[in-house]
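Asker: Once you've had a glance at the structure underneath, I'll fire off some questions.
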Amino acid sequence: MIVCRSKAEIEKLRRVNQLVARILAELRHMVAPGVTTREIDASAEALVRVAGAEPAFKGYQGYPATVCASVNEQVVHGIPSPRRLVEGDVLSVDLGAKLDGFYGDCAVTVPVGRVSADADRLLRVTEEALFRGIDAVKPGARVSDIGAAVQAHVEAHRFSVVREFVGHGIGSSLHEEPQIANYGPGGRGPRLSEGMVLAIEPMVNFGDAAVKVLGDGWTAVTRDGTLSAHFEHTVVVTGGGCEILTLLDSDTARAREFVNAAVRT
């Protein structure tokens with residue numbers, strides 16, 4: 001069942017998603033050569049709990065950490081560890097929190113120091129693809145219009161969209177209907193309606209789309225060992241399109257640049 005949220009519920013969702021966005025912004029500043037992903041995770045948990053919220057991922061189906069910290073060829077669900085980041089790595093950080101009964105979810109991929117031109121292009125195109133998908137969100141559109149927009153942008157730049165992991169509805173549960181694939185033809189699936197809240201999260205590989213899950217049961221990596229990037233925003237469908245709940249005021253201008261770049265290309 002797809003739920004359309006009331007104004008009061010949307011305000012609670014706005015609060016928790018803004019909290020997640022603020023914490024994720026703090027974590028981005030931590031990303032540097034020599035830092036461990038476990039240190040980033042510890043800071044994330046402390047910031048979530050100080051704010052009176054709960055980590056959404058820790059304990060979810062047995063997941064052991066507050067963030068997913070995925071390095072280089074790790075696509076998603078990387079478990080924080082004593083591994084130290086090095087110059088040229090890329091790190092995807094996915095963070096969720098629960099506050100007042102509602103969930104927030106956001107992800108970003110961050111360069112560690114100076115990265116290669118190929119890595120920089122992968123990150124840029126993946127974030128642009130996210131905003132392409134967001135631009136497709138409006139009342140009356142179909143769920144699959146989001147994935148069609150993401151796939152078209154990614155493949156125009158000769159990268160690959162991961163099939164095994166998708167976006168989702170979010171609200172009083174971390175994962176709700178509908179599922180939001182990042183690929184496929186448009187014009188299919190449920191129609192979007194005002195009040196629907198969606199976590200849109202393209203995962204894009206530099207090489208082939210195929211992934212595999214490692215022996216820890218969580219960490220997904222590219223089968224060919226190439227880099228992967230992951231960006232996510234939570235949005236609510238409005239009468240005129242959508243509001244990005246995980247977008248901070250300070251990031252609005254940057255987001256507009258990505259939207260414009262995505263439309264141009």
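Residues in the structure tokens are numbered from 1 in each chain, the chains being A, B, ... in the order shown, and ligands are numbered from 1 in the order shown.
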Counting only C-alpha atoms, what is within 6 Å of stretch 46-62 of chain A, bar same-chain residues fewer than 2 positions away, as a PyMOL selection string?
Answerer: chain A and resi 43-44+64-66+96-99
Asker: Going by DSSP on the backbone, which bits of stretch 51-221 of chain A are helix (DSSP H, G or I)? Write them as a ChimeraX atom specification, please.
Answerer: /A:60-62,117-135,143-156
Asker: Select from stretch 44-251 of chain A everything DSSP, run on the backbone, classes as strand (DSSP E), then give the selection as a PDB file with C-alpha atoms, in the first residue's frame.
Answerer:
ATOM      1  CA  GLU A  54      17.868   6.845  16.597  1.00  0.00           C
ATOM      2  CA  PRO A  55      20.053   5.305  13.896  1.00  0.00           C
ATOM      3  CA  VAL A  67      26.089   4.311   8.301  1.00  0.00           C
ATOM      4  CA  CYS A  68      26.828   2.286   5.220  1.00  0.00           C
ATOM      5  CA  ALA A  69      30.376   3.237   4.213  1.00  0.00           C
ATOM      6  CA  SER A  70      31.237   1.884   0.765  1.00  0.00           C
ATOM      7  CA  VAL A  71      34.724   2.463  -0.679  1.00  0.00           C
ATOM      8  CA  GLN A  74      31.845  -1.234  -2.999  1.00  0.00           C
ATOM      9  CA  VAL A  75      28.422  -0.284  -4.320  1.00  0.00           C
ATOM     10  CA  VAL A  76      26.335  -0.158  -1.137  1.00  0.00           C
ATOM     11  CA  VAL A  90      35.812   7.524  -3.307  1.00  0.00           C
ATOM     12  CA  LEU A  91      33.542   6.912  -0.301  1.00  0.00           C
ATOM     13  CA  SER A  92      29.769   6.494  -0.403  1.00  0.00           C
ATOM     14  CA  VAL A  93      28.095   7.310   2.912  1.00  0.00           C
ATOM     15  CA  ASP A  94      24.437   6.343   3.381  1.00  0.00           C
ATOM     16  CA  LEU A  95      22.725   7.530   6.568  1.00  0.00           C
ATOM     17  CA  GLY A  96      19.256   6.974   7.980  1.00  0.00           C
ATOM     18  CA  ALA A  97      17.643   8.152  11.218  1.00  0.00           C
ATOM     19  CA  LYS A  98      14.333   7.870  13.051  1.00  0.00           C
ATOM     20  CA  LEU A  99      12.805  10.806  14.929  1.00  0.00           C
ATOM     21  CA  PHE A 102       9.382   8.910  11.103  1.00  0.00           C
ATOM     22  CA  TYR A 103      12.447   8.120   9.019  1.00  0.00           C
ATOM     23  CA  GLY A 104      14.959  10.112   7.014  1.00  0.00           C
ATOM     24  CA  ASP A 105      17.396   8.723   4.440  1.00  0.00           C
ATOM     25  CA  CYS A 106      20.146  10.323   2.351  1.00  0.00           C
ATOM     26  CA  ALA A 107      23.413   9.286   0.690  1.00  0.00           C
ATOM     27  CA  VAL A 108      26.384  10.948  -0.954  1.00  0.00           C
ATOM     28  CA  THR A 109      29.630   9.830  -2.569  1.00  0.00           C
ATOM     29  CA  VAL A 110      32.649  11.881  -1.575  1.00  0.00           C
ATOM     30  CA  PRO A 111      36.116  12.091  -3.160  1.00  0.00           C
ATOM     31  CA  SER A 160      25.933   1.462 -15.934  1.00  0.00           C
ATOM     32  CA  VAL A 161      22.922   1.523 -13.613  1.00  0.00           C
ATOM     33  CA  GLY A 167      14.825   3.387  -4.168  1.00  0.00           C
ATOM     34  CA  HIS A 168      11.689   3.172  -2.060  1.00  0.00           C
ATOM     35  CA  GLY A 169       8.876   4.900  -0.297  1.00  0.00           C
ATOM     36  CA  GLU A 176       7.689   1.391   2.127  1.00  0.00           C
ATOM     37  CA  GLU A 177       5.963   1.043  -1.222  1.00  0.00           C
ATOM     38  CA  PRO A 178       6.596   1.848  -3.989  1.00  0.00           C
ATOM     39  CA  GLN A 179       9.910   0.420  -5.058  1.00  0.00           C
ATOM     40  CA  ILE A 180      11.704   2.835  -7.379  1.00  0.00           C
ATOM     41  CA  VAL A 197       7.348  10.465   0.103  1.00  0.00           C
ATOM     42  CA  LEU A 198      10.100   8.783  -1.905  1.00  0.00           C
ATOM     43  CA  ALA A 199      13.775   7.967  -1.357  1.00  0.00           C
ATOM     44  CA  ILE A 200      15.405   8.123  -4.786  1.00  0.00           C
ATOM     45  CA  MET A 203      23.804   3.550  -7.830  1.00  0.00           C
ATOM     46  CA  VAL A 204      26.032   3.791 -10.872  1.00  0.00           C
ATOM     47  CA  ASN A 205      29.065   1.731 -11.902  1.00  0.00           C
ATOM     48  CA  VAL A 211      27.329  -6.723  -8.641  1.00  0.00           C
ATOM     49  CA  LYS A 212      27.911  -9.435  -6.041  1.00  0.00           C
ATOM     50  CA  VAL A 213      27.534  -9.569  -2.262  1.00  0.00           C
ATOM     51  CA  ALA A 220      27.824  -5.325  -2.469  1.00  0.00           C
ATOM     52  CA  VAL A 221      30.706  -4.770  -4.913  1.00  0.00           C
ATOM     53  CA  THR A 222      31.061  -4.411  -8.652  1.00  0.00           C
ATOM     54  CA  SER A 228      30.743   2.793  -8.076  1.00  0.00           C
ATOM     55  CA  ALA A 229      28.881   5.895  -6.866  1.00  0.00           C
ATOM     56  CA  HIS A 230      25.665   6.326  -4.870  1.00  0.00           C
ATOM     57  CA  HIS A 233      17.618  12.311  -1.638  1.00  0.00           C
ATOM     58  CA  THR A 234      14.231  11.924   0.044  1.00  0.00           C
ATOM     59  CA  VAL A 235      11.446  13.944  -1.621  1.00  0.00           C
ATOM     60  CA  VAL A 236       7.756  14.596  -1.084  1.00  0.00           C
ATOM     61  CA  VAL A 237       5.378  15.006  -4.001  1.00  0.00           C
ATOM     62  CA  THR A 238       3.734  18.442  -3.956  1.00  0.00           C
ATOM     63  CA  GLY A 241       6.273  18.903  -8.421  1.00  0.00           C
ATOM     64  CA  CYS A 242       8.241  17.911  -5.343  1.00  0.00           C
ATOM     65  CA  GLU A 243      10.201  19.203  -2.356  1.00  0.00           C
ATOM     66  CA  ILE A 244      13.598  17.699  -1.569  1.00  0.00           C
TER      67      ILE A 244
END
